[in-house]
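J.: Input structure: data_2.csv, which contains CSV, C-alpha atoms and all ligand atoms.
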```csv
chain,number,residue,atom,x,y,z
A,14,MET,CA,0.0,0.0,0.0
A,15,THR,CA,1.3,3.5,-0.8
A,16,SER,CA,2.1,5.8,2.1
A,17,ILE,CA,-1.0,7.8,3.0
A,18,ASP,CA,-0.5,11.5,3.1
A,19,ARG,CA,-0.9,13.1,6.6
A,20,LEU,CA,-4.6,13.6,7.0
A,21,SER,CA,-5.2,17.3,6.4
A,22,THR,CA,-7.8,19.2,8.4
A,23,ASP,CA,-8.1,21.8,5.5
A,24,TYR,CA,-11.0,19.7,4.2
A,25,PRO,CA,-14.0,17.9,5.6
A,26,PHE,CA,-13.9,14.3,6.6
A,27,SER,CA,-17.5,13.2,6.2
A,28,TYR,CA,-19.4,12.7,3.0
A,29,GLN,CA,-22.3,14.9,4.4
A,30,ASP,CA,-19.9,17.8,5.0
A,31,TRP,CA,-18.4,17.5,1.5
A,32,GLU,CA,-21.9,17.5,0.0
A,33,LEU,CA,-22.8,20.7,2.0
A,34,ARG,CA,-19.5,22.4,1.0
A,35,CYS,CA,-20.2,21.6,-2.6
A,36,GLN,CA,-23.7,22.9,-2.4
A,37,LYS,CA,-22.5,26.2,-1.0
A,38,GLN,CA,-20.0,26.7,-3.8
A,39,LEU,CA,-21.9,25.6,-6.8
A,40,ASP,CA,-25.0,27.2,-8.4
A,41,GLN,CA,-28.3,25.4,-8.0
A,42,GLY,CA,-28.3,23.9,-11.4
A,43,ALA,CA,-24.9,22.3,-11.3
A,44,PHE,CA,-25.3,21.0,-7.7
A,45,GLY,CA,-28.8,19.7,-8.5
A,46,TYR,CA,-27.4,17.8,-11.5
A,47,ILE,CA,-24.8,16.0,-9.3
A,48,GLN,CA,-26.9,15.4,-6.2
A,49,SER,CA,-30.3,14.5,-7.6
A,50,GLY,CA,-31.8,11.3,-8.8
A,51,SER,CA,-34.6,10.6,-11.2
A,52,GLY,CA,-38.4,10.7,-10.4
A,53,ALA,CA,-39.3,10.7,-6.8
A,54,GLU,CA,-35.7,9.7,-5.9
A,55,THR,CA,-36.9,6.5,-4.1
A,56,THR,CA,-34.0,4.6,-5.7
A,57,LEU,CA,-31.5,7.3,-4.7
A,58,ASP,CA,-32.7,6.9,-1.1
A,59,GLN,CA,-32.8,3.1,-1.3
A,60,ASN,CA,-29.1,3.0,-2.4
A,61,ASP,CA,-28.2,4.5,1.1
A,62,LEU,CA,-30.9,2.6,3.0
A,63,ALA,CA,-29.6,-0.8,1.7
A,64,PHE,CA,-26.2,-0.1,3.3
A,65,GLU,CA,-27.8,1.0,6.5
A,66,ARG,CA,-29.8,-2.3,6.6
A,67,LEU,CA,-26.8,-4.5,6.2
A,68,ALA,CA,-24.9,-4.8,9.4
A,69,LEU,CA,-21.3,-6.0,9.8
A,70,ILE,CA,-20.5,-8.6,12.4
A,71,PRO,CA,-16.8,-8.4,13.3
A,72,LYS,CA,-14.6,-11.3,14.4
A,73,VAL,CA,-12.0,-10.5,17.1
A,74,LEU,CA,-8.6,-11.6,18.4
A,75,LYS,CA,-7.2,-12.0,14.9
A,76,ASP,CA,-3.7,-10.7,13.9
A,77,VAL,CA,-4.6,-7.7,11.7
A,78,SER,CA,-1.1,-6.1,11.9
A,79,LYS,CA,-0.6,-6.6,8.2
A,80,ARG,CA,-3.3,-5.7,5.8
A,81,ASP,CA,-3.7,-5.7,2.0
A,82,LEU,CA,-6.2,-3.5,0.2
A,83,SER,CA,-5.4,-4.6,-3.3
A,84,VAL,CA,-7.5,-6.7,-5.6
A,85,SER,CA,-6.9,-8.4,-9.0
A,86,LEU,CA,-9.3,-7.4,-11.7
A,87,PHE,CA,-9.1,-8.4,-15.4
A,88,ASP,CA,-5.7,-10.0,-14.7
A,89,ARG,CA,-4.3,-6.7,-13.5
A,90,HIS,CA,-3.2,-5.7,-10.1
A,91,HIS,CA,-5.3,-2.9,-8.6
A,92,GLN,CA,-3.8,-1.3,-5.5
A,93,PHE,CA,-7.3,-0.5,-4.1
A,94,PRO,CA,-10.7,-2.2,-4.3
A,95,PHE,CA,-12.5,0.8,-5.5
A,96,LEU,CA,-12.4,2.6,-8.9
A,97,MET,CA,-13.5,6.1,-9.6
A,98,ALA,CA,-16.9,5.8,-11.3
A,99,PRO,CA,-17.4,7.4,-14.7
A,100,VAL,CA,-18.9,10.8,-14.1
A,101,GLY,CA,-19.4,13.2,-17.0
A,102,PHE,CA,-19.3,16.9,-17.2
A,103,GLN,CA,-16.9,17.4,-14.4
A,104,ALA,CA,-16.0,20.9,-15.6
A,105,ILE,CA,-19.3,22.1,-14.1
A,106,VAL,CA,-17.7,21.4,-10.7
A,107,HIS,CA,-14.2,22.8,-11.2
A,108,PRO,CA,-12.5,24.3,-14.2
A,109,ASP,CA,-9.8,21.6,-14.1
A,110,GLY,CA,-12.6,19.0,-14.2
A,111,GLU,CA,-11.6,15.4,-15.1
A,112,LYS,CA,-7.9,16.3,-15.3
A,113,ALA,CA,-8.0,17.2,-11.6
A,114,SER,CA,-9.8,14.0,-10.7
A,115,ALA,CA,-7.4,11.9,-12.8
A,116,ARG,CA,-4.3,13.6,-11.3
A,117,ALA,CA,-5.6,12.8,-7.8
A,118,ALA,CA,-6.4,9.2,-8.9
A,119,ARG,CA,-2.9,8.8,-10.3
A,120,LYS,CA,-1.2,10.3,-7.3
A,121,GLN,CA,-3.0,7.8,-5.0
A,122,GLY,CA,-2.9,4.9,-7.3
A,123,VAL,CA,-6.6,4.7,-7.6
A,124,PRO,CA,-8.1,3.3,-10.8
A,125,TYR,CA,-10.2,5.8,-12.9
A,126,ILE,CA,-13.0,5.2,-15.4
A,127,ALA,CA,-13.2,8.1,-17.9
A,128,SER,CA,-16.7,9.0,-19.1
A,129,THR,CA,-17.7,9.5,-22.7
A,130,VAL,CA,-19.0,12.9,-21.8
A,131,SER,CA,-15.7,14.1,-20.2
A,132,SER,CA,-14.5,17.6,-20.4
A,133,ALA,CA,-11.0,16.3,-21.2
A,134,SER,CA,-10.2,14.0,-24.1
A,135,ILE,CA,-9.6,10.2,-24.0
A,136,GLU,CA,-5.9,10.9,-24.7
A,137,GLU,CA,-5.5,13.7,-22.2
A,138,ILE,CA,-6.9,11.5,-19.4
A,139,SER,CA,-4.9,8.5,-20.4
A,140,ASP,CA,-1.7,10.6,-20.4
A,141,ILE,CA,-2.3,11.6,-16.8
A,142,MET,CA,-3.2,8.1,-15.7
A,143,SER,CA,-0.2,6.5,-17.3
A,144,ASP,CA,0.3,2.9,-16.0
A,145,CYS,CA,-2.3,3.3,-13.2
A,146,PRO,CA,-5.3,1.2,-14.3
A,147,HIS,CA,-7.8,3.3,-16.3
A,148,TYR,CA,-10.9,2.4,-18.3
A,149,PHE,CA,-13.0,4.1,-20.9
A,150,GLN,CA,-16.7,4.3,-20.4
A,151,LEU,CA,-18.7,4.2,-23.6
A,152,TYR,CA,-22.1,5.7,-24.0
A,153,TRP,CA,-22.5,4.0,-27.3
A,154,PRO,CA,-23.2,6.7,-29.9
A,155,ASN,CA,-26.0,6.2,-32.3
A,156,ASP,CA,-23.5,6.4,-35.1
A,157,GLN,CA,-21.4,3.2,-35.4
A,158,ALA,CA,-18.5,5.0,-37.0
A,159,VAL,CA,-18.1,7.4,-34.1
A,160,ALA,CA,-18.6,4.5,-31.6
A,161,GLU,CA,-15.8,2.5,-33.3
A,162,SER,CA,-13.5,5.6,-33.4
A,163,PHE,CA,-13.9,6.1,-29.6
A,164,ILE,CA,-13.1,2.4,-29.0
A,165,LYS,CA,-10.0,2.6,-31.3
A,166,ARG,CA,-8.8,5.8,-29.6
A,167,ALA,CA,-9.2,4.2,-26.2
A,168,GLU,CA,-7.1,1.2,-27.3
A,169,ALA,CA,-4.4,3.4,-28.9
A,170,ALA,CA,-4.2,5.6,-25.8
A,171,GLY,CA,-3.6,2.6,-23.5
A,172,TYR,CA,-6.8,2.2,-21.6
A,173,HIS,CA,-7.1,-1.1,-19.8
A,174,GLY,CA,-10.8,-1.9,-20.6
A,175,ILE,CA,-14.0,-0.6,-22.1
A,176,VAL,CA,-17.0,-0.1,-19.7
A,177,VAL,CA,-20.2,-0.1,-21.8
A,178,THR,CA,-23.0,1.6,-20.0
A,179,VAL,CA,-26.1,-0.4,-20.8
A,180,ASP,CA,-28.8,1.3,-18.7
A,181,THR,CA,-29.1,4.5,-20.7
A,182,PRO,CA,-31.2,4.2,-23.9
A,183,PHE,CA,-32.6,7.5,-22.8
A,184,LEU,CA,-31.6,9.8,-20.0
A,185,GLY,CA,-33.8,9.1,-16.9
A,186,TRP,CA,-36.7,11.4,-15.9
A,187,ARG,CA,-34.8,13.9,-14.0
A,188,GLU,CA,-37.3,16.3,-12.4
A,189,VAL,CA,-34.7,18.4,-10.6
A,190,ASP,CA,-32.8,19.2,-13.8
A,191,MET,CA,-36.0,20.0,-15.7
A,192,THR,CA,-37.1,22.3,-12.8
A,193,ASN,CA,-33.8,24.0,-12.9
A,194,GLN,CA,-33.8,24.0,-16.7
A,195,TYR,CA,-30.2,22.6,-16.4
A,196,PHE,CA,-28.5,20.4,-19.0
A,197,PRO,CA,-24.7,20.4,-18.3
A,198,MET,CA,-23.6,20.1,-21.9
A,199,GLN,CA,-25.2,23.6,-22.5
A,200,THR,CA,-22.3,25.0,-20.5
A,201,GLY,CA,-19.8,23.5,-22.9
A,202,ALA,CA,-18.8,20.8,-20.5
A,203,GLY,CA,-18.5,17.2,-21.6
A,204,ILE,CA,-17.9,17.6,-25.3
A,205,ALA,CA,-14.1,17.0,-25.4
A,206,ASN,CA,-14.2,13.5,-26.9
A,207,PHE,CA,-16.5,14.6,-29.7
A,208,VAL,CA,-14.7,17.7,-30.8
A,209,THR,CA,-11.4,15.9,-30.8
A,210,ASP,CA,-12.7,13.0,-32.8
A,211,PRO,CA,-11.7,12.8,-36.4
A,212,VAL,CA,-14.7,10.7,-37.4
A,213,PHE,CA,-17.2,12.9,-35.6
A,214,ASN,CA,-15.7,16.0,-37.1
A,215,GLN,CA,-15.6,14.6,-40.6
A,216,ARG,CA,-19.3,13.5,-40.4
A,217,TYR,CA,-20.8,16.5,-38.5
A,218,ASN,CA,-18.4,19.4,-38.7
A,219,PRO,CA,-16.3,18.9,-41.8
A,220,ASP,CA,-15.4,22.6,-42.4
A,221,PHE,CA,-15.2,23.3,-38.6
A,222,SER,CA,-17.9,25.9,-39.3
A,223,LEU,CA,-20.5,24.9,-36.7
A,224,SER,CA,-21.0,27.1,-33.6
A,225,GLN,CA,-20.7,25.5,-30.2
A,226,THR,CA,-24.5,25.4,-29.9
A,227,GLU,CA,-24.7,23.5,-33.2
A,228,ILE,CA,-21.9,21.1,-32.2
A,229,ILE,CA,-23.8,20.4,-29.0
A,230,GLN,CA,-27.0,19.7,-31.0
A,231,SER,CA,-25.1,17.2,-33.2
A,232,ILE,CA,-23.7,15.5,-30.1
A,233,ARG,CA,-27.1,15.3,-28.4
A,234,SER,CA,-28.6,13.8,-31.6
A,235,ILE,CA,-26.3,10.8,-31.4
A,236,LEU,CA,-25.5,10.5,-27.7
A,237,PHE,CA,-27.6,7.5,-26.8
A,238,LYS,CA,-28.3,4.5,-29.0
A,239,GLN,CA,-31.9,3.3,-28.3
A,240,ASN,CA,-31.4,0.0,-30.3
A,241,LEU,CA,-28.2,-1.1,-28.5
A,242,THR,CA,-28.6,-4.9,-28.0
A,243,TRP,CA,-26.5,-8.0,-27.2
A,244,GLU,CA,-25.5,-8.1,-30.9
A,245,ASN,CA,-23.6,-4.9,-30.4
A,246,ILE,CA,-21.7,-6.4,-27.5
A,247,LYS,CA,-20.8,-9.4,-29.6
A,248,TRP,CA,-19.5,-7.0,-32.3
A,249,LEU,CA,-17.4,-5.2,-29.7
A,250,GLN,CA,-15.9,-8.5,-28.6
A,251,GLU,CA,-14.9,-9.0,-32.2
A,252,ILE,CA,-13.2,-5.7,-32.7
A,253,THR,CA,-11.3,-5.3,-29.4
A,254,ASP,CA,-9.0,-7.4,-27.3
A,255,LEU,CA,-9.6,-5.1,-24.3
A,256,PRO,CA,-11.6,-6.4,-21.4
A,257,ILE,CA,-15.3,-5.5,-21.7
A,258,ILE,CA,-17.3,-4.6,-18.7
A,259,LEU,CA,-21.1,-4.0,-18.8
A,260,LYS,CA,-22.3,-1.2,-16.4
A,261,GLY,CA,-25.9,-1.0,-15.3
A,262,ILE,CA,-26.9,-4.7,-14.8
A,263,LEU,CA,-29.6,-5.4,-12.2
A,264,HIS,CA,-31.4,-8.4,-13.5
A,265,VAL,CA,-30.0,-12.0,-12.9
A,266,ASP,CA,-31.0,-13.0,-16.4
A,267,ASP,CA,-28.8,-10.2,-17.9
A,268,ALA,CA,-25.9,-11.1,-15.6
A,269,LYS,CA,-26.2,-14.7,-16.8
A,270,LYS,CA,-26.3,-13.6,-20.4
A,271,ALA,CA,-23.3,-11.4,-19.9
A,272,ALA,CA,-21.4,-14.4,-18.4
A,273,GLU,CA,-22.5,-16.7,-21.2
A,274,LEU,CA,-21.3,-14.2,-23.8
A,275,GLY,CA,-17.9,-14.1,-22.1
A,276,VAL,CA,-17.7,-10.5,-21.1
A,277,ASP,CA,-15.0,-9.8,-18.5
A,278,GLY,CA,-17.0,-7.9,-16.0
A,279,ILE,CA,-20.4,-6.5,-15.0
A,280,ILE,CA,-21.1,-3.5,-12.8
A,281,VAL,CA,-24.3,-4.0,-10.8
A,282,SER,CA,-25.6,-0.5,-10.8
A,283,ASN,CA,-28.7,1.7,-11.0
A,284,HIS,CA,-26.6,4.7,-12.2
A,285,GLY,CA,-26.7,6.4,-8.8
A,286,GLY,CA,-30.5,6.5,-8.8
A,287,ARG,CA,-30.5,8.6,-11.9
A,288,GLN,CA,-32.1,6.3,-14.5
A,289,LEU,CA,-35.3,4.5,-13.6
A,290,ASP,CA,-36.8,5.4,-10.3
A,291,GLY,CA,-38.2,2.5,-8.3
A,292,VAL,CA,-35.5,0.0,-9.2
A,293,ILE,CA,-33.6,-2.2,-6.8
A,294,SER,CA,-30.3,-1.0,-5.3
A,295,GLY,CA,-27.1,-2.4,-6.5
A,296,LEU,CA,-26.3,-3.8,-3.1
A,297,GLU,CA,-29.6,-5.7,-2.9
A,298,ALA,CA,-29.3,-7.0,-6.4
A,299,LEU,CA,-25.7,-8.2,-5.8
A,300,PRO,CA,-26.1,-11.5,-3.9
A,301,ALA,CA,-28.4,-13.2,-6.5
A,302,ILE,CA,-26.2,-12.0,-9.3
A,303,VAL,CA,-23.0,-13.2,-7.7
A,304,GLU,CA,-24.6,-16.6,-7.2
A,305,ALA,CA,-25.9,-16.7,-10.8
A,306,VAL,CA,-22.6,-15.9,-12.5
A,307,ASP,CA,-20.6,-18.3,-10.4
A,308,ASP,CA,-17.2,-16.6,-10.7
A,309,LYS,CA,-17.3,-16.6,-14.5
A,310,VAL,CA,-17.2,-12.8,-14.6
A,311,ALA,CA,-15.9,-10.1,-12.3
A,312,VAL,CA,-18.8,-8.5,-10.4
A,313,LEU,CA,-18.5,-4.8,-9.4
A,314,VAL,CA,-21.2,-2.8,-7.7
A,315,ASP,CA,-21.9,0.9,-7.1
A,316,GLY,CA,-24.5,3.3,-5.7
A,317,GLY,CA,-24.1,4.5,-2.1
A,318,ILE,CA,-20.4,3.7,-1.5
A,319,ARG,CA,-19.5,6.5,1.0
A,320,ARG,CA,-17.2,5.0,3.6
A,321,GLY,CA,-14.8,2.1,4.2
A,322,ALA,CA,-17.5,0.0,5.9
A,323,ASP,CA,-19.6,0.2,2.8
A,324,ILE,CA,-16.8,-1.4,0.8
A,325,LEU,CA,-16.6,-4.2,3.4
A,326,LYS,CA,-20.3,-4.9,3.1
A,327,ALA,CA,-20.1,-5.1,-0.7
A,328,PHE,CA,-17.2,-7.5,-0.6
A,329,ALA,CA,-18.9,-9.6,2.1
A,330,LEU,CA,-21.8,-10.1,-0.4
A,331,GLY,CA,-19.3,-11.2,-3.1
A,332,ALA,CA,-18.3,-8.1,-5.0
A,333,HIS,CA,-14.8,-8.1,-6.6
A,334,ALA,CA,-14.6,-4.3,-6.6
A,335,VAL,CA,-16.8,-1.2,-6.1
A,336,LEU,CA,-17.1,2.2,-7.8
A,337,LEU,CA,-16.9,5.5,-6.0
A,338,GLY,CA,-19.2,8.2,-7.5
A,339,ARG,CA,-20.6,11.3,-5.9
A,340,PRO,CA,-18.0,11.5,-3.0
A,341,TYR,CA,-15.1,12.3,-5.2
A,342,VAL,CA,-17.2,14.7,-7.3
A,343,TYR,CA,-18.1,16.7,-4.2
A,344,GLY,CA,-14.3,16.8,-3.4
A,345,LEU,CA,-13.7,18.1,-6.9
A,346,VAL,CA,-15.2,21.4,-5.8
A,347,ASP,CA,-11.7,22.0,-4.3
A,348,GLY,CA,-9.9,20.7,-7.4
A,349,GLN,CA,-7.2,18.1,-7.3
A,350,GLY,CA,-6.6,18.8,-3.6
A,351,GLY,CA,-10.2,18.1,-2.7
A,352,VAL,CA,-10.3,14.8,-4.7
A,353,THR,CA,-7.0,13.8,-3.1
A,354,ALA,CA,-8.4,14.4,0.3
A,355,VAL,CA,-11.6,12.3,-0.4
A,356,LEU,CA,-9.5,9.4,-1.7
A,357,ASN,CA,-7.0,9.6,1.1
A,358,ASN,CA,-9.7,9.6,3.7
A,359,LEU,CA,-11.5,6.6,2.1
A,360,ILE,CA,-8.3,4.6,1.9
A,361,LYS,CA,-7.4,5.3,5.6
A,362,ASP,CA,-11.0,4.6,6.7
A,363,LEU,CA,-11.1,1.4,4.7
A,364,ASP,CA,-7.8,0.2,6.1
A,365,THR,CA,-9.0,0.9,9.6
A,366,SER,CA,-12.3,-0.7,9.0
A,367,LEU,CA,-10.7,-3.9,7.6
A,368,ALA,CA,-8.6,-4.3,10.7
A,369,ILE,CA,-11.6,-3.8,13.1
A,370,VAL,CA,-13.9,-6.2,11.2
A,371,GLY,CA,-11.1,-8.8,11.7
A,372,VAL,CA,-9.6,-9.6,8.3
A,373,ASN,CA,-6.3,-8.9,6.5
A,374,SER,CA,-7.7,-8.6,3.0
A,375,LEU,CA,-11.0,-8.0,1.3
A,376,ALA,CA,-11.0,-11.5,-0.2
A,377,GLN,CA,-11.4,-13.0,3.4
A,378,LEU,CA,-14.8,-11.3,3.8
A,379,ASN,CA,-17.9,-13.4,3.2
A,380,ARG,CA,-21.5,-13.7,4.5
A,381,ASP,CA,-20.4,-14.8,8.0
A,382,TYR,CA,-19.5,-11.1,8.5
A,383,ILE,CA,-22.9,-9.6,7.7
A,384,LYS,CA,-26.6,-9.7,8.5
A,385,TRP,CA,-29.5,-8.0,6.8
A,386,LEU,CA,-31.6,-6.1,9.2
A,387,GLY,CA,-35.3,-5.4,8.8
A,388,TYR,CA,-36.0,-7.9,6.1
A,389,ASN,CA,-38.1,-11.0,6.5
B,1,LIG,C1,-23.0,13.8,-11.8
B,1,LIG,C2,-23.0,12.3,-12.3
B,1,LIG,C3,-22.6,12.1,-13.6
B,1,LIG,C4,-22.5,10.7,-14.0
B,1,LIG,N1,-22.1,10.5,-15.3
B,1,LIG,C5,-22.0,9.2,-15.7
B,1,LIG,C6,-21.5,8.9,-17.0
B,1,LIG,O1,-21.1,9.8,-17.7
B,1,LIG,N2,-21.5,7.6,-17.4
B,1,LIG,C7,-21.9,6.6,-16.6
B,1,LIG,O2,-21.9,5.4,-17.0
B,1,LIG,N3,-22.4,6.8,-15.3
B,1,LIG,C8,-22.4,8.1,-14.9
B,1,LIG,N4,-22.8,8.4,-13.6
B,1,LIG,C9,-23.2,7.2,-12.7
B,1,LIG,C10,-21.9,6.8,-11.9
B,1,LIG,O3,-21.0,6.2,-12.7
B,1,LIG,C11,-22.3,5.8,-10.8
B,1,LIG,O4,-23.0,4.7,-11.3
B,1,LIG,C12,-23.1,6.5,-9.7
B,1,LIG,O5,-22.6,7.8,-9.4
B,1,LIG,C13,-23.1,5.7,-8.4
B,1,LIG,O6,-23.9,6.2,-7.4
B,1,LIG,P1,-23.3,7.1,-6.1
B,1,LIG,O7,-22.4,8.2,-6.8
B,1,LIG,O8,-24.4,7.7,-5.4
B,1,LIG,O9,-22.5,6.2,-5.3
B,1,LIG,C14,-22.9,9.7,-13.1
B,1,LIG,C15,-23.2,10.0,-11.8
B,1,LIG,C16,-23.3,11.3,-11.4
B,1,LIG,C17,-23.6,11.6,-9.9
```
Let me see whether you can do it: turn the structure in this file into structure tokens.

T.:
Amino acid sequence: MTSIDRLSTDYPFSYQDWELRCQKQLDQGAFGYIQSGSGAETTLDQNDLAFERLALIPKVLKDVSKRDLSVSLFDRHHQFPFLMAPVGFQAIVHPDGEKASARAARKQGVPYIASTVSSASIEEISDIMSDCPHYFQLYWPNDQAVAESFIKRAEAAGYHGIVVTVDTPFLGWREVDMTNQYFPMQTGAGIANFVTDPVFNQRYNPDFSLSQTEIIQSIRSILFKQNLTWENIKWLQEITDLPIILKGILHVDDAKKAAELGVDGIIVSNHGGRQLDGVISGLEALPAIVEAVDDKVAVLVDGGIRRGADILKAFALGAHAVLLGRPYVYGLVDGQGGVTAVLNNLIKDLDTSLAIVGVNSLAQLNRDYIKWLGYN
């Protein structure tokens, strides 16, 4: 494990304090975009409640003087069991946006998943991440040539896998954003991968004569592919040797199908409560999926990971890794330093929690260490 920087009191320690700090510094539209969920936000709430209802049961009198936070994913050593979730439009939080987050990730050795709608390009983020594990998240554009170009760019830049987000044929029904009349791309954030793409430019802006508003219109017209199916995933398997990870699986049938197809990983996720309101939380969906795929595919989970104990709970239910979303985005309000503080604190919290629950590594956790509360 890397040495952990001295914990600085310049920044908050708790998730709730970071959220407040971010709220104070951002305008209502930008903060609402990050914080809110879709519909009545029952799923957003459920993501937290599920963790509250799962209790840890520590075992004591074990030698926990040596601990290891690393995991192996897709045949690659990952220093930590959490990856930074793909989060688009980070320039709405801080002018340095994704570059600041990636620099903090690289500094701490934390893996990073770059969103399609990043405010820095595929290549810029990969340059920052260097040999630290990093993945490219694909919102499959409704233009196959652009989709292929993104995948080839990610391969050429040195990404370690492609994360295909499969829960977004449309953007969810986001009442907060509609009330605030806020769509982050309108600020110019999140367009870097498109404006730097030779195929996109050739097809939509060949003379470079479009205004930014027109470019954004073109991007929006192809951003989500409503007829994305398993056939496209098979095609992706044919054109790339990179590990393929499907993000946004909640149904056991889909998990089985992904395993049968031979994808490398699935991320059990409801997109942070931002897609279909009323769906099951990732944590609650996890046990049945872990059982169904029977170790044929790596199973990651996200939604509500806030503290070290949350990571322990996910591993006890069989997760191989987790994704950290909103916490680092709130930290980004203070740029690279804020994200670094969030990551540092989580690493330290996790290390401490691991020792107190009574194990030396995350792989030692299993259902002996947990109990669901309040369920029949
Ligand atoms: C502001 C914001 C932007 C997001 N952008 C993306 C994205 O571009 N691609 C994607 O697959 N998921 C995106 N997500 C979902 C995250 O990857 C992740 O699934 C979610 O944040 C997990 O929930 P949590 O942050 O509450 O833990 C976004 C989430 C937030 C909060």

J.: Around ligand LIG 1 (chain B), which protein and nucleic acid residues have at least one atom no more than 6 Å from it, if we count all atoms listed in the file? List them as a PyMOL selection string.

T.: chain A and resi 46-47+98-101+128+130+178+282+284-285+315-318+337-339

J.: One decimal, in Å: what's the spacing between CA of Leu33 in chain A and CA of Arg320 in chain A?

T.: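 Computed distance, CA of Leu33 in chain A to CA of Arg320 in chain A, equals 16.7 Å.
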
J.: Hey, which of A:Thr226, A:Ser131, A:Ser83, A:Ser49 ends up closest to Thr192 in chain A? Count all atoms listed in the file.

T.: A:Ser49

J.: Near Gly275 in chain A, counting only C-alpha atoms, which residues have an atom at most 10 Å away, once you skip same-chain residues fewer than 3 positions from it, shown as a JSON list (two decimals) with C-alpha atoms, keeping the file's coordinate frame?

T.:
```
[["chain", "number", "residue", "atom", "x", "y", "z"],
["A", 247, "LYS", "CA", -20.80, -9.40, -29.60],
["A", 250, "GLN", "CA", -15.90, -8.50, -28.60],
["A", 256, "PRO", "CA", -11.60, -6.40, -21.40],
["A", 257, "ILE", "CA", -15.30, -5.50, -21.70],
["A", 269, "LYS", "CA", -26.20, -14.70, -16.80],
["A", 270, "LYS", "CA", -26.30, -13.60, -20.40],
["A", 271, "ALA", "CA", -23.30, -11.40, -19.90],
["A", 272, "ALA", "CA", -21.40, -14.40, -18.40],
["A", 278, "GLY", "CA", -17.00, -7.90, -16.00],
["A", 309, "LYS", "CA", -17.30, -16.60, -14.50],
["A", 310, "VAL", "CA", -17.20, -12.80, -14.60]]
```

J.: Using all atoms listed in the file, which of the listed residues (A:Gln41, A:Thr365, A:Thr253, A:Gln215) sits closest to Ala158 in chain A?

T.: A:Gln215

J.: Fewer than 6 positions away in the same chain doesn't count, so skip those; otherwise give me all residues within 8 Å of Gly110 in chain A, counting all atoms listed in the file, as a list in words.

T.: Phe102, Gln103, Ala104, Ser132, Ala133, Leu345 and Gly348 of chain A

J.: Could you give me, as a list of chain:residue names, the residues within 7 Å of Asn373 in chain A, counting only C-alpha atoms and dropping anything in the same chain fewer than 6 positions from it?

T.: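 Contacts, in chain order: A:Val77, A:Lys79, A:Arg80, A:Asp81, A:Leu367.
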
J.: Could you name the residues that touch Asn206 in chain A at 7 Å or less, counting all atoms listed in the file, but leaving out those on the same chain fewer than 6 positions away, as a list in words?

T.: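 The residues that qualify are Thr129, Ser131, Ser134 and Ile135 of chain A.
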
J.: For a test of reading the model, state the distance in Å between CA of Gln36 in chain A and CA of Val189 in chain A, rounded to one decimal.

T.: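 Straight-line distance from CA of Gln36 in chain A to CA of Val189 in chain A works out to 14.4 Å.
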
J.: Between CA of Tyr148 in chain A and CA of Asp254 in chain A, what is the distance in Å, rounded to a tenth?

T.: 13.4 Å

J.: Counting only C-alpha atoms, figure out which residue out of A:Pro108, A:Gly295, A:Gly50, A:Gly42 gets nearest to Phe196 in chain A.

T.: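 Among A:Pro108, A:Gly295, A:Gly50, A:Gly42, it is A:Gly42 that comes nearest to Phe196 in chain A.
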
J.: Using only C-alpha atoms, which of A:Phe64, A:Leu184, A:Glu111, A:Val84 sits nearest Leu313 in chain A?

T.: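 Under the stated criterion, the closest residue is A:Val84.
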
J.: Counting only C-alpha atoms, find the residues whose atoms lie at most 6 Å from (-28.5, -4.9, 3.2) (file coordinates) and write them out as an MDAnalysis selection string.

T.: chainID A and resid 63:64 66:67 385

J.: Report as a list in words all protein, DNA and RNA residues lying within 12 Å of Asn214 in chain A, evaluated on all atoms listed in the file, omitting residues in the same chain fewer than 3 positions from it.

T.: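 Returned residues: Ala158, Val159, Ser162, Ala205, Asn206, Phe207, Val208, Thr209, Asp210, Pro211, Tyr217, Asn218, Pro219, Asp220, Phe221, Ser222, Leu223, Ile228, Ser231 and Ile232 of chain A.
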
J.: Pick out the closest residue to Phe237 in chain A from this set: A:Asn358, A:Gln288, A:Ser294, A:Asn155. Count only C-alpha atoms.

T.: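 Nearest to Phe237 in chain A: A:Asn155.
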
J.: Using all atoms listed in the file, which residue out of A:Ser85, A:Tyr341, A:Arg287, A:Leu299 lies closest to Asp58 in chain A?

T.: A:Arg287

J.: Taking the structure in the block just given, could you write range 309-314 of chain A with N, CA and C atoms, as an mmCIF file, in the first residue's frame?

T.:
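Wrote part.cif, looks like this:
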```
data_model
loop_
_atom_site.group_PDB
_atom_site.id
_atom_site.type_symbol
_atom_site.label_atom_id
_atom_site.label_comp_id
_atom_site.auth_asym_id
_atom_site.auth_seq_id
_atom_site.Cartn_x
_atom_site.Cartn_y
_atom_site.Cartn_z
ATOM 1 N N LYS A 309 -17.736 -16.630 -13.085
ATOM 2 C CA LYS A 309 -17.333 -16.623 -14.504
ATOM 3 C C LYS A 309 -16.964 -15.216 -14.961
ATOM 4 N N VAL A 310 -17.382 -14.223 -14.213
ATOM 5 C CA VAL A 310 -17.173 -12.843 -14.619
ATOM 6 C C VAL A 310 -16.966 -12.002 -13.351
ATOM 7 N N ALA A 311 -16.126 -10.976 -13.459
ATOM 8 C CA ALA A 311 -15.910 -10.107 -12.298
ATOM 9 C C ALA A 311 -17.178 -9.297 -12.039
ATOM 10 N N VAL A 312 -17.563 -9.216 -10.771
ATOM 11 C CA VAL A 312 -18.787 -8.486 -10.421
ATOM 12 C C VAL A 312 -18.429 -7.267 -9.572
ATOM 13 N N LEU A 313 -18.723 -6.098 -10.120
ATOM 14 C CA LEU A 313 -18.499 -4.848 -9.401
ATOM 15 C C LEU A 313 -19.864 -4.278 -9.029
ATOM 16 N N VAL A 314 -19.880 -3.379 -8.068
ATOM 17 C CA VAL A 314 -21.161 -2.796 -7.660
ATOM 18 C C VAL A 314 -20.961 -1.318 -7.342
#
```
